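*Asks:* Structure below; questions to follow.
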Amino acid sequence: MKKSLLFASLLSLFLIGCSSTPIVDVSKPAGPSASKDESDEKDLDLASLRDPNNILSKRSIYFDYDKDVVKAEYKDLLAAHAKYVASHPKAKMTLTGNTDDRGSREYNVSLGQKRSVSVKKSMNVLGAQDGQIETVSFGEERADANCKDDACYGKDRRVDISYEKE
């Protein structure tokens, strides 16, 4: 009988010791807080990217035929985007290179990549961090198949800027 009483006492103590108590995570602030998307939007100042009166709403850099050199007329646009990214460490952008449909598919993918890398290097010189910018090439995949003149082709020869959280 002593053994069973001792066993019951030990079992009770064990169960009391194992009872669950609420755990408070001190790494998270208590009370209502902004969601991750809301805080990212505040941190990244996405409103300035969407404002049509802000230079940051302009997202395309156009190139001459068969060239990957950034034209001087885009200096202010590149500087604005580079400054934005440099001042928002959480910001991430993608530079998408495009070409018209003249030339082979392989050549156009390569040229689109050279164009996006050219824009990236310009932004790096202006203060944007390498890790914040991804380069991609679509080559001629997004080209207007109905183009018949250089004015139309000119719209296809570009690098488009997009931001991750938009």
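Ordering of the structure tokens sets the chain letters (A, B, ...), residue numbers begin anew at 1 in every chain, and ligands are numbered from 1 in the order given.
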Val125 of chain A: which residues within 12 Å, counting only C-alpha atoms, same-chain residues fewer than 2 positions away excluded, as a PyMOL selection string?
*Replies:* chain A and resi 75+78-79+82-83+86+118-123+127-130
*Asks:* Go through segment 20-164 of chain A and collect every residue that DSSP, computed from the backbone, puts in strand (DSSP E); the answer should be as a PyMOL selection string.
*Replies:* chain A and resi 60-62+93-98+133-139+158-163
*Asks:* What's the 10 Å shell around segment 59-61 of chain A, counting only C-alpha atoms, without same-chain residues fewer than 4 positions away, as an MDAnalysis selection string?
*Replies:* chainID A and resid 49 55 70:71 73:75 77:78 81 95:97 115:116 119 155 157:163
*Asks:* Please indicate the distance in Å from atom CA of Thr94 of chain A to atom CA of Val136 of chain A, rounded to one decimal place.
*Replies:* 7.2 Å
*Asks:* Grab the atom CA of Lys90 of chain A to atom CA of Asn53 of chain A distance for me, in Å with one decimal place.
*Replies:*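 Atom CA of Asn53 of chain A lies at a distance of 23.6 Å from atom CA of Lys90 of chain A.
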*Asks:* Nearest to Asn146 of chain A among A:Asp76, A:Glu134, A:Asp100, A:Asp45, with distances taken over only C-alpha atoms: which residue is it?
*Replies:* A:Asp100
*Asks:* List the spatial neighbours of Asp150 of chain A as a ChimeraX atom specification - criterion: any atom at most 12 Å away, only C-alpha atoms, same-chain residues fewer than 3 positions off excluded.
*Replies:* /A:63-65,100-102,144,146-147,153-157
*Asks:* Rank nothing, just name the residue among A:Gln113, A:Asn124, A:Thr135, A:Ser57 nearest to Asn98 of chain A, using only C-alpha atoms.
*Replies:*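 Answer, going by the shortest atom-to-atom distance: A:Gln113.
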*Asks:* Rounded to one decimal place, report the atom CA of Asp149 of chain A-atom CA of Arg105 of chain A distance in Å.
*Replies:*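 Atom CA of Asp149 of chain A sits 19.6 Å away from atom CA of Arg105 of chain A.
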